[in-house]
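Chemist: My structure file query_33.tsv, TSV, C-alpha atoms, is below:
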chain	number	residue	atom	x	y	z
A	1	MET	CA	-5.58	6.64	-3.23
A	2	ALA	CA	-3.83	9.73	-1.83
A	3	VAL	CA	-0.02	9.66	-1.75
A	4	ALA	CA	2.74	11.88	-0.33
A	5	VAL	CA	6.42	11.29	-1.16
A	6	MET	CA	9.60	13.36	-1.04
A	7	CYS	CA	11.42	13.77	-4.35
A	8	GLY	CA	14.59	15.48	-3.22
A	9	GLU	CA	13.43	18.73	-1.59
A	10	TRP	CA	10.06	18.56	-3.36
A	11	LEU	CA	6.97	17.39	-1.48
A	12	VAL	CA	4.90	15.48	-4.05
A	13	THR	CA	1.24	14.79	-3.33
A	14	ALA	CA	-1.20	12.94	-5.55
A	15	SER	CA	-4.94	12.44	-5.25
A	16	GLY	CA	-7.48	11.61	-7.91
A	17	LYS	CA	-6.03	12.44	-11.33
A	18	SER	CA	-3.84	15.32	-10.09
A	19	LEU	CA	-0.28	15.49	-8.84
A	20	THR	CA	1.33	18.51	-7.18
A	21	ALA	CA	5.00	19.14	-6.31
A	22	VAL	CA	5.96	21.98	-3.95
A	23	HIS	CA	9.53	22.83	-2.95
A	24	THR	CA	9.92	22.75	0.82
A	25	ARG	CA	13.03	24.95	1.11
A	26	GLU	CA	12.95	27.53	-1.67
A	27	ASN	CA	10.37	29.88	-3.19
A	28	ARG	CA	10.05	28.04	-6.45
A	29	GLU	CA	6.95	27.70	-8.58
A	30	ALA	CA	4.80	24.71	-7.68
A	31	PHE	CA	4.34	22.04	-10.34
A	32	GLY	CA	0.90	20.68	-11.19
A	33	PHE	CA	0.29	17.62	-13.36
A	34	ASP	CA	-3.05	16.32	-14.67
A	35	CYS	CA	-3.11	12.70	-15.83
A	36	SER	CA	-6.19	13.31	-17.94
A	37	GLN	CA	-4.11	15.52	-20.26
A	38	VAL	CA	-1.68	12.72	-21.12
A	39	GLU	CA	-2.02	10.77	-24.35
A	40	GLN	CA	-4.44	7.86	-24.42
A	41	LYS	CA	-3.58	4.37	-25.59
A	42	PRO	CA	-4.03	4.11	-29.37
A	43	LYS	CA	-7.11	2.14	-30.38
A	44	ASP	CA	-5.20	-0.01	-32.86
A	45	ALA	CA	-2.65	-0.91	-30.16
A	46	ALA	CA	-5.42	-1.74	-27.75
A	47	ALA	CA	-7.09	-3.97	-30.31
A	48	CYS	CA	-3.86	-5.94	-30.77
A	49	ASP	CA	-3.37	-6.46	-27.04
A	50	SER	CA	-3.40	-10.22	-26.56
A	51	ASN	CA	-4.39	-9.85	-22.93
A	52	ARG	CA	-7.78	-8.33	-23.76
A	53	GLU	CA	-10.81	-9.80	-25.40
A	54	GLU	CA	-11.56	-8.79	-28.97
A	55	GLY	CA	-13.76	-5.70	-29.13
A	56	ALA	CA	-13.28	-4.82	-25.47
A	57	GLU	CA	-12.80	-1.15	-24.66
A	58	GLU	CA	-10.16	0.28	-22.35
A	59	LYS	CA	-12.00	1.30	-19.19
A	60	GLY	CA	-10.83	3.19	-16.15
A	61	SER	CA	-10.34	6.67	-14.78
A	62	ASP	CA	-7.23	8.83	-14.71
A	63	ALA	CA	-6.79	8.36	-10.95
A	64	VAL	CA	-3.23	7.94	-9.72
A	65	LEU	CA	-2.65	4.49	-8.21
A	66	ALA	CA	1.00	4.60	-7.09
A	67	VAL	CA	3.92	7.03	-6.98
A	68	ALA	CA	7.65	6.52	-6.32
A	69	ALA	CA	10.67	8.84	-6.28
A	70	SER	CA	14.23	7.92	-7.18
A	71	PRO	CA	16.90	7.95	-4.42
A	72	SER	CA	18.51	11.14	-5.78
A	73	GLY	CA	15.19	12.92	-6.22
A	74	ARG	CA	15.86	13.42	-9.93
A	75	LEU	CA	13.12	11.12	-11.23
A	76	LEU	CA	9.52	10.44	-10.32
A	77	VAL	CA	7.33	7.64	-11.65
A	78	LEU	CA	3.57	7.22	-11.33
A	79	THR	CA	0.91	4.90	-12.67
A	80	ASP	CA	-2.79	5.52	-13.10
A	81	ASP	CA	-6.04	3.64	-13.55
A	82	ARG	CA	-5.70	3.70	-17.34
A	83	LYS	CA	-2.59	1.49	-17.10
A	84	ARG	CA	-0.17	4.26	-18.00
A	85	LEU	CA	3.35	4.38	-16.56
A	86	LEU	CA	4.54	7.98	-16.53
A	87	LEU	CA	8.18	8.94	-15.94
A	88	LEU	CA	8.89	12.54	-14.94
A	89	SER	CA	12.08	14.48	-14.26
A	90	SER	CA	12.49	17.31	-11.75
A	91	GLN	CA	15.65	18.75	-13.36
A	92	PRO	CA	16.17	21.38	-14.53
A	93	THR	CA	12.42	21.90	-14.32
A	94	TRP	CA	9.56	19.42	-14.04
A	95	HIS	CA	8.72	17.73	-17.33
A	96	LEU	CA	7.37	14.42	-18.66
A	97	LEU	CA	9.99	12.03	-20.04
A	98	SER	CA	7.85	9.14	-21.26
A	99	CYS	CA	4.45	7.53	-21.25
A	100	ARG	CA	4.30	3.75	-21.47
A	101	TRP	CA	1.59	1.20	-20.88
A	102	VAL	CA	1.47	-1.76	-18.54
A	103	VAL	CA	-0.51	-4.96	-18.95
A	104	ARG	CA	-2.59	-4.63	-15.77
A	105	ARG	CA	-3.23	-1.97	-13.17
A	106	CYS	CA	-0.26	-1.48	-10.88
A	107	THR	CA	-0.18	-1.56	-7.09
A	108	ALA	CA	3.45	-0.70	-6.21
A	109	LEU	CA	6.51	0.96	-7.75
A	110	ALA	CA	10.21	1.03	-6.81
A	111	PHE	CA	13.40	2.42	-8.33
A	112	SER	CA	16.61	0.45	-8.42
A	113	PRO	CA	19.45	2.07	-6.40
A	114	ASP	CA	21.28	3.07	-9.60
A	115	GLU	CA	18.01	4.58	-10.96
A	116	GLU	CA	18.44	2.76	-14.26
A	117	CYS	CA	15.13	0.91	-14.04
A	118	VAL	CA	11.74	1.00	-12.36
A	119	TRP	CA	10.17	-2.12	-10.89
A	120	VAL	CA	6.41	-2.37	-11.27
A	121	ALA	CA	4.08	-4.75	-9.40
A	122	ASP	CA	0.52	-5.29	-10.62
A	123	LYS	CA	-2.74	-6.65	-9.25
A	124	SER	CA	-2.33	-10.04	-10.96
A	125	GLY	CA	0.90	-10.78	-9.08
A	126	ASP	CA	3.43	-10.03	-11.85
A	127	VAL	CA	6.51	-7.79	-11.57
A	128	TYR	CA	8.00	-5.96	-14.56
A	129	SER	CA	11.11	-3.80	-14.94
A	130	PHE	CA	11.16	-0.69	-17.15
A	131	SER	CA	14.30	1.11	-18.25
A	132	THR	CA	14.70	4.78	-17.31
A	133	THR	CA	17.44	5.39	-19.89
A	134	HIS	CA	15.59	3.89	-22.86
A	135	THR	CA	12.36	5.61	-22.03
A	136	HIS	CA	10.19	4.11	-24.77
A	137	THR	CA	11.05	0.42	-24.51
A	138	PRO	CA	8.42	-1.92	-23.07
A	139	GLY	CA	8.85	-3.62	-19.72
A	140	ASP	CA	10.32	-7.07	-19.09
A	141	LEU	CA	8.48	-9.64	-17.00
A	142	ARG	CA	10.78	-10.56	-14.10
A	143	LEU	CA	8.81	-12.59	-11.54
A	144	GLY	CA	5.30	-13.46	-10.41
A	145	HIS	CA	3.12	-14.40	-7.44
A	146	LEU	CA	-0.10	-16.37	-7.38
A	147	SER	CA	-1.81	-13.56	-5.50
A	148	MET	CA	-2.29	-9.80	-5.79
A	149	LEU	CA	0.91	-7.88	-5.02
A	150	LEU	CA	0.68	-4.98	-2.56
A	151	ALA	CA	4.26	-3.90	-1.82
A	152	LEU	CA	7.66	-3.94	-3.52
A	153	VAL	CA	11.17	-2.80	-2.54
A	154	VAL	CA	14.64	-3.16	-4.04
A	155	THR	CA	17.43	-3.45	-1.47
A	156	ALA	CA	20.14	-0.78	-1.25
A	157	ASP	CA	22.88	-3.22	-2.34
A	158	ASP	CA	20.86	-3.96	-5.50
A	159	ARG	CA	20.95	-7.70	-4.77
A	160	TYR	CA	17.36	-8.50	-3.84
A	161	VAL	CA	13.81	-7.67	-4.87
A	162	ILE	CA	11.36	-8.09	-1.99
A	163	THR	CA	7.66	-8.50	-2.76
A	164	ALA	CA	4.58	-8.90	-0.56
A	165	ASP	CA	1.13	-10.15	-1.53
A	166	ARG	CA	-2.42	-10.50	-0.30
A	167	ASP	CA	-1.79	-14.06	0.91
A	168	GLU	CA	0.41	-12.96	3.86
A	169	LYS	CA	3.67	-13.88	2.07
A	170	ILE	CA	6.89	-11.88	1.78
A	171	ARG	CA	9.28	-13.22	-0.86
A	172	VAL	CA	12.96	-12.30	-1.18
A	173	SER	CA	14.23	-12.93	-4.73
A	174	LEU	CA	17.62	-12.42	-6.33
A	175	LYS	CA	17.47	-9.34	-8.56
A	176	LEU	CA	19.64	-10.73	-11.35
A	177	ALA	CA	17.84	-14.10	-11.30
A	178	PRO	CA	14.36	-13.50	-9.79
A	179	HIS	CA	13.37	-17.13	-10.31
A	180	ASN	CA	15.84	-17.95	-7.52
A	181	ILE	CA	14.14	-17.32	-4.19
A	182	GLN	CA	16.48	-16.42	-1.36
A	183	SER	CA	13.93	-16.72	1.45
A	184	PHE	CA	10.36	-16.24	2.63
A	185	CYS	CA	9.35	-14.10	5.60
A	186	LEU	CA	6.25	-15.82	6.98
A	187	ALA	CA	4.42	-14.76	10.15
A	188	HIS	CA	1.64	-12.35	9.18
A	189	THR	CA	-1.94	-13.59	9.37
A	190	GLU	CA	-3.42	-11.03	6.95
A	191	PHE	CA	-2.31	-9.30	3.74
A	192	VAL	CA	1.07	-7.51	3.82
A	193	SER	CA	0.40	-3.92	2.80
A	194	THR	CA	3.76	-2.16	3.13
A	195	LEU	CA	7.51	-2.89	3.18
A	196	PHE	CA	10.47	-0.76	4.18
A	197	VAL	CA	14.25	-1.29	4.38
A	198	PRO	CA	15.80	1.09	6.99
A	199	PRO	CA	18.75	3.16	5.69
A	200	ARG	CA	20.99	2.53	8.70
A	201	HIS	CA	20.40	-1.22	8.62
A	202	PRO	CA	20.12	-2.30	4.96
A	203	ASP	CA	20.04	-5.99	5.94
A	204	ARG	CA	16.78	-5.50	7.87
A	205	LEU	CA	13.20	-5.26	6.67
A	206	PHE	CA	10.06	-3.78	8.22
A	207	SER	CA	6.67	-5.07	7.15
A	208	GLY	CA	3.16	-3.84	7.97
A	209	SER	CA	0.00	-5.89	7.60
A	210	GLY	CA	-3.74	-5.97	7.89
A	211	ASP	CA	-3.29	-8.03	11.06
A	212	GLY	CA	-2.27	-4.81	12.85
A	213	THR	CA	1.37	-5.75	13.43
A	214	VAL	CA	4.71	-4.33	12.34
A	215	LYS	CA	7.44	-6.94	12.08
A	216	LEU	CA	11.20	-6.62	11.81
A	217	TRP	CA	13.06	-9.22	9.74
A	218	GLU	CA	16.50	-10.36	8.79
A	219	TYR	CA	15.23	-10.82	5.26
A	220	ALA	CA	18.14	-12.78	3.79
A	221	THR	CA	17.40	-15.67	6.16
A	222	GLY	CA	13.68	-15.04	6.72
A	223	LYS	CA	14.25	-14.75	10.47
A	224	ARG	CA	11.75	-12.64	12.43
A	225	LEU	CA	13.47	-10.39	14.97
A	226	GLN	CA	10.55	-8.48	16.50
A	227	SER	CA	6.79	-8.02	16.26
A	228	CYS	CA	4.87	-4.96	17.50
A	229	ASP	CA	1.08	-5.13	17.82
A	230	LEU	CA	-0.41	-1.72	17.02
A	231	THR	CA	-3.79	-2.86	18.33
A	232	GLU	CA	-2.37	-2.76	21.85
A	233	LEU	CA	-0.26	0.38	21.38
A	234	LEU	CA	-3.19	2.38	20.00
A	235	ASN	CA	-5.66	1.00	22.58
A	236	GLN	CA	-7.92	-0.55	19.95
A	237	ASP	CA	-8.57	-3.77	21.92
A	238	GLU	CA	-12.03	-2.71	23.08
A	239	THR	CA	-13.32	-1.82	19.61
A	240	ASP	CA	-14.38	-4.00	16.71
A	241	GLU	CA	-12.37	-1.88	14.26
A	242	ARG	CA	-9.46	-3.74	12.71
A	243	VAL	CA	-6.07	-2.04	12.78
A	244	CYS	CA	-4.59	-2.00	9.28
A	245	ILE	CA	-1.04	-0.76	8.69
A	246	LYS	CA	-1.07	1.51	5.65
A	247	ARG	CA	2.40	3.07	5.48
A	248	LEU	CA	5.86	2.74	7.03
A	249	SER	CA	8.23	5.69	6.61
A	250	SER	CA	11.59	6.52	8.13
A	251	SER	CA	13.72	9.58	8.74
A	252	PRO	CA	16.81	9.85	6.48
A	253	ASP	CA	19.11	8.71	9.27
A	254	GLY	CA	16.89	5.69	9.90
A	255	GLN	CA	16.50	6.48	13.59
A	256	HIS	CA	12.79	7.30	13.58
A	257	LEU	CA	10.00	5.17	12.12
A	258	ALA	CA	6.45	6.42	11.57
A	259	VAL	CA	3.59	3.93	11.31
A	260	LEU	CA	0.36	5.07	9.66
A	261	CYS	CA	-2.82	3.05	10.19
A	262	GLU	CA	-5.83	3.37	7.95
A	263	ARG	CA	-8.91	5.16	9.35
A	264	LEU	CA	-7.24	5.99	12.69
A	265	PRO	CA	-6.52	9.65	13.65
A	266	ARG	CA	-3.22	8.72	15.25
A	267	LEU	CA	0.37	8.23	14.19
A	268	GLN	CA	2.69	5.90	16.08
A	269	LEU	CA	6.40	6.78	16.24
A	270	PHE	CA	9.21	4.32	16.96
A	271	GLU	CA	12.93	4.72	17.56
A	272	MET	CA	15.45	2.30	16.14
A	273	LYS	CA	18.74	2.31	18.07
A	274	THR	CA	19.89	-1.17	17.14
A	275	GLY	CA	19.35	-3.36	14.13
A	276	SER	CA	17.34	-5.93	16.04
A	277	GLU	CA	14.74	-3.90	17.93
A	278	VAL	CA	12.56	-0.79	17.76
A	279	THR	CA	11.04	1.03	20.73
A	280	PRO	CA	7.71	2.91	20.68
A	281	THR	CA	8.34	6.53	21.66
A	282	GLN	CA	5.29	8.67	20.96
A	283	CYS	CA	1.75	8.54	19.59
A	284	LEU	CA	0.65	11.68	17.77
A	285	THR	CA	-3.05	12.52	17.96
A	286	LEU	CA	-4.24	14.12	14.73
A	287	PRO	CA	-7.39	16.12	13.92
A	288	GLN	CA	-8.48	13.40	11.46
A	289	SER	CA	-7.29	10.19	9.85
A	290	PRO	CA	-4.19	11.07	7.80
A	291	LEU	CA	-3.93	10.13	4.14
A	292	ASP	CA	-0.17	9.63	4.07
A	293	THR	CA	3.11	10.60	5.75
A	294	THR	CA	6.70	11.18	4.63
A	295	PHE	CA	10.00	12.49	5.99
A	296	ASP	CA	11.99	15.22	4.23
A	297	PRO	CA	15.82	15.26	3.95
A	298	GLN	CA	16.02	17.34	7.15
A	299	GLY	CA	14.21	14.62	9.11
A	300	ARG	CA	10.96	16.55	9.49
A	301	LEU	CA	7.67	14.67	9.32
A	302	TRP	CA	4.98	15.79	6.87
A	303	VAL	CA	1.42	14.54	7.31
A	304	LEU	CA	-1.10	14.75	4.46
A	305	LEU	CA	-4.71	15.39	5.52
A	306	ASP	CA	-8.08	15.32	3.81
A	307	ASP	CA	-8.67	19.02	4.51
A	308	GLN	CA	-8.77	21.82	1.96
A	309	GLN	CA	-7.91	24.48	4.56
A	310	THR	CA	-5.11	22.53	6.27
A	311	PRO	CA	-3.87	19.98	3.73
A	312	VAL	CA	-0.58	19.22	5.54
A	313	LEU	CA	0.89	19.25	9.03
A	314	LEU	CA	4.59	19.51	9.87
A	315	TYR	CA	6.34	17.94	12.88
A	316	THR	CA	9.92	18.39	14.03
A	317	HIS	CA	11.85	16.30	16.54
A	318	THR	CA	13.40	17.99	19.55
A	319	SER	CA	15.55	16.42	22.22
A	320	GLN	CA	12.43	15.20	24.00
A	321	CYS	CA	9.62	14.53	21.53
A	322	TRP	CA	7.92	15.38	18.24
A	323	GLU	CA	6.27	18.80	18.16
A	324	GLN	CA	3.85	20.30	15.66
A	325	CYS	CA	4.97	23.43	13.83
A	326	ASP	CA	2.83	26.55	13.77
A	327	ALA	CA	0.93	27.41	10.63
A	328	ASP	CA	3.20	30.47	10.17
A	329	GLN	CA	6.33	28.35	9.86
A	330	PRO	CA	7.84	29.48	6.51
A	331	ASP	CA	8.24	26.05	4.88
A	332	LEU	CA	4.82	24.86	6.03
A	333	LYS	CA	3.20	28.08	4.84
A	334	ARG	CA	4.89	27.78	1.44
A	335	VAL	CA	3.74	24.19	0.95
A	336	THR	CA	0.20	24.96	2.10
A	337	GLU	CA	-0.09	27.86	-0.34
A	338	GLY	CA	1.25	25.69	-3.16
A	339	LEU	CA	-1.31	22.97	-2.47
A	340	HIS	CA	-4.08	25.58	-2.29
A	341	THR	CA	-3.06	26.89	-5.71
A	342	HIS	CA	-3.42	23.46	-7.29
A	343	SER	CA	-6.23	22.36	-4.91
A	344	LEU	CA	-6.06	18.56	-4.80
A	345	PRO	CA	-9.40	16.75	-5.15
A	346	LEU	CA	-10.61	14.61	-2.29
A	347	PRO	CA	-9.64	10.93	-2.53
A	348	ASP	CA	-12.16	8.58	-4.08
A	349	ALA	CA	-11.46	5.40	-2.13
A	350	ARG	CA	-10.16	5.79	1.41
A	351	LEU	CA	-11.19	2.28	2.41
A	352	TYR	CA	-9.07	0.54	-0.17
A	353	LEU	CA	-7.01	-1.61	2.18
A	354	HIS	CA	-10.01	-2.67	4.24
A	355	GLN	CA	-11.49	-4.14	1.08
A	356	LEU	CA	-8.61	-6.64	0.99
A	357	TYR	CA	-9.69	-8.61	4.06
A	358	LYS	CA	-10.87	-12.04	3.05
A	359	ALA	CA	-14.45	-12.80	4.07
A	360	GLY	CA	-14.71	-16.04	5.99
A	361	PHE	CA	-17.72	-18.28	5.37
A	362	ASP	CA	-18.87	-21.78	6.37
A	363	ASN	CA	-20.42	-23.56	3.40
A	364	THR	CA	-21.49	-26.54	5.58
A	365	ALA	CA	-23.57	-24.55	8.08
A	366	THR	CA	-26.83	-24.87	6.11
A	367	TYR	CA	-26.28	-28.58	5.49
A	368	ARG	CA	-25.67	-29.25	9.18
A	369	GLN	CA	-28.75	-27.28	10.18
A	370	ARG	CA	-31.02	-29.25	7.84
A	371	LYS	CA	-29.47	-32.53	8.95
A	372	GLU	CA	-30.15	-31.68	12.59
A	373	GLU	CA	-33.77	-30.85	11.76
A	374	ARG	CA	-34.24	-34.23	10.04
A	375	LEU	CA	-32.73	-36.09	12.99
A	376	GLN	CA	-34.94	-34.17	15.39
A	377	GLN	CA	-38.06	-35.15	13.42
A	378	ARG	CA	-37.06	-38.81	13.57
A	379	ARG	CA	-36.60	-38.67	17.35
A	380	GLU	CA	-40.01	-37.12	17.99
A	381	PRO	CA	-43.09	-39.48	17.99
A	382	SER	CA	-45.74	-38.91	15.38
A	383	ALA	CA	-48.15	-36.20	16.57
A	384	SER	CA	-51.17	-37.45	14.60
A	385	PRO	CA	-51.58	-41.30	14.69
A	386	GLN	CA	-53.35	-42.90	11.81
A	387	PRO	CA	-57.07	-43.75	12.32
A	388	ASN	CA	-58.13	-47.40	12.94
A	389	GLY	CA	-59.88	-47.49	9.61
A	390	ALA	CA	-56.62	-47.00	7.79
A	391	LYS	CA	-55.05	-49.89	9.76
A	392	ARG	CA	-57.94	-52.24	8.84
A	393	THR	CA	-57.63	-51.29	5.19
A	394	ARG	CA	-53.95	-52.13	5.12
A	395	ALA	CA	-54.63	-55.40	6.94
A	396	LEU	CA	-57.30	-56.47	4.42
A	397	ILE	CA	-55.01	-55.58	1.52
A	398	SER	CA	-52.25	-57.70	2.96
Since I need it in another form, could you write the structure as structure tokens?
Modeler:
Amino acid sequence: MAVAVMCGEWLVTASGKSLTAVHTRENREAFGFDCSQVEQKPKDAAACDSNREEGAEEKGSDAVLAVAASPSGRLLVLTDDRKRLLLLSSQPTWHLLSCRWVVRRCTALAFSPDEECVWVADKSGDVYSFSTTHTHTPGDLRLGHLSMLLALVVTADDRYVITADRDEKIRVSLKLAPHNIQSFCLAHTEFVSTLFVPPRHPDRLFSGSGDGTVKLWEYATGKRLQSCDLTELLNQDETDERVCIKRLSSSPDGQHLAVLCERLPRLQLFEMKTGSEVTPTQCLTLPQSPLDTTFDPQGRLWVLLDDQQTPVLLYTHTSQCWEQCDADQPDLKRVTEGLHTHSLPLPDARLYLHQLYKAGFDNTATYRQRKEERLQQRREPSASPQPNGAKRTRALIS
């Protein structure tokens, strides 16, 4: 899982067990972080964990699973495959604040608007909240789904927690009382992989799914306002490849929306002029399938690639369209050199989302086939009639 997020003016990228932060505006030293160097869970604590079988060992790699930055860019949180929740601060310099453990591997992270807690969604469908002020207290269980959670956002007014799962459901819950469900947003036909609340319209919600659509919602009522099929926009109708929405990101002013699809070397841009509709504006053709995208505070679009020589691309918006910056652009050159210094490893699992499609099967097909064969045998006359001697024998016996 390769991730790119903006933490203030820092471009943070994570792949494998490594995380790198490079300042996009100033010549400051890049920050490198290795999850394998962080403390491991104590064996005695692991043995007392009621959620694990007795004698079982903690398994997993140090690969980063999810990353999230606070609204101010002061804090960064990440979780890895060893079920660690790591809280870092970027001020005055980058440093680790705390290391805590979660019950199960996490799939999504989100800060509250006041940055006082981090919301954590895991693969079993549970959501926990962890304090950022009391950095060593355990998390509190807040809500749960019956399916694997894939996306999580907290609204800007701090009223709602919105969660999305593998069973096509989007749930809007009250933050102070998560057991009270405000609404459901139901229209997707595959897993919901990403959620986003636009800054200019905090009462709206964008969702992306494995069904290849991006939908716009009025989440408080569960009303669907618009649906855009990326299969048609990206001309994927004639192929058997499914279009899977991986990431939705927006410019700081909320006017531009970038939609990233897994395993497709293209990036679809939308423009949002009103709160009830988005308009497709441009499709960027990339040299390869991007790993992730993010906007910086200046509204520039950064694209993370699986390429050691060219790890990132930078796009700026002019009055007409989005244009790619030259490799000699100062900010792009600075970030590229910083990523080269800490050389990120290649991602281990690029097909993660495509593994979430549910395999359809018909468990009555074999039964119906055998039944048809038996009926066919009964309809056909016997190919080898019994000899007359056998008939006489049965007649004498009777």
Chemist: Please report the interatomic distance between atom CA of Leu234 of chain A and atom CA of Gln268 of chain A in Å with one decimal.
Modeler: 7.9 Å
Chemist: Which one is closest to Glu115 of chain A: A:Lys41, A:Arg74, A:Lys371, A:Arg300? Count all atoms listed in the file.
Modeler: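 Among the listed residues, A:Arg74 lies closest to Glu115 of chain A.
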Chemist: Near Leu85 of chain A, counting only C-alpha atoms, which residues have an atom at most 9 Å away, once you skip same-chain residues fewer than 3 positions from it, shown as a list in words?
Modeler: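 Near Leu85 of chain A, the qualifying residues are Val77, Leu78, Thr79, Asp80, Ser98, Cys99, Arg100, Trp101, Val102 and Cys106 of chain A.
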Chemist: In Å, with one decimal, what is the gap from atom CA of Val154 of chain A to atom CA of Thr132 of chain A?
Modeler: 15.5 Å
Chemist: Considering only C-alpha atoms, return as number ranges by chain whatever protein or nucleic-acid residues lie within 12 Å of Ser289 of chain A, sequence-local ones (same chain, fewer than 4 positions apart) excluded.
Modeler: A: 246, 260-267, 284-285, 293, 303-307, 350-351
Chemist: So how many Å separate atom CA of Asp229 of chain A and atom CA of Gly210 of chain A, to one decimal?
Modeler: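 Value for the atom CA of Asp229 of chain A-atom CA of Gly210 of chain A distance: 11.1 Å.
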Chemist: At a cut-off of 10 Å, can you tabulate as CSV every residue of segment 112-179 of chain A near segment 192-198 of chain A together with its closest atom pair and the distance in Å to one decimal, using only C-alpha atoms and ordering rows by chain then number?
Modeler:
residue,atom,partner,partner_atom,distance
A:Leu149,CA,A:Ser193,CA,8.8
A:Leu150,CA,A:Ser193,CA,5.5
A:Ala151,CA,A:Thr194,CA,5.3
A:Leu152,CA,A:Leu195,CA,6.8
A:Val153,CA,A:Leu195,CA,6.8
A:Val154,CA,A:Val197,CA,8.6
A:Thr155,CA,A:Val197,CA,7.0
A:Ala156,CA,A:Val197,CA,8.2
A:Ile162,CA,A:Leu195,CA,8.3
A:Thr163,CA,A:Leu195,CA,8.2
A:Ala164,CA,A:Val192,CA,5.8
A:Asp165,CA,A:Val192,CA,6.0
A:Arg166,CA,A:Val192,CA,6.2
A:Asp167,CA,A:Val192,CA,7.7
A:Glu168,CA,A:Val192,CA,5.5
A:Lys169,CA,A:Val192,CA,7.1
A:Ile170,CA,A:Val192,CA,7.6
Chemist: Excluding segment 211-216 of chain A and its own-chain neighbours fewer than 6 positions away, which residues fall within 9 Å of it when counting only C-alpha atoms? Please give them as a list in words.
Modeler: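 Near neighbours after the sequence-gap exclusion: Ala187, His188, Thr189, Glu190, Phe191, Val192, Arg204, Leu205, Lys223, Arg224, Leu225, Gln226, Ser227, Cys228, Asp229, Leu230, Thr231, Arg242, Val243, Cys244, Ile245, Leu248, Val259, Cys261, Ser276, Glu277 and Val278 of chain A.
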Chemist: I need the residue nearest Ala14 of chain A from this list: A:Cys185, A:Cys321, A:Leu146, A:Leu339. Use only C-alpha atoms for the distance.
Modeler: A:Leu339
Chemist: Might I get the box with edges along x, y and z of the file that holds all atoms of segment 258-276 of chain A listed there, padded by 3 Å on every side, given as centre and edge lengths in Å to one decimal, as lines of an AutoDock Vina configuration file?
Modeler:
center_x = 5.5
center_y = 1.9
center_z = 13.0
size_x = 34.8
size_y = 21.6
size_z = 16.1
Chemist: Using only C-alpha atoms, which of the listed residues (A:Leu96, A:Ala30, A:Ala4, A:Leu375) sits closest to Val67 of chain A?
Modeler: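 Among the listed residues, A:Ala4 lies closest to Val67 of chain A.
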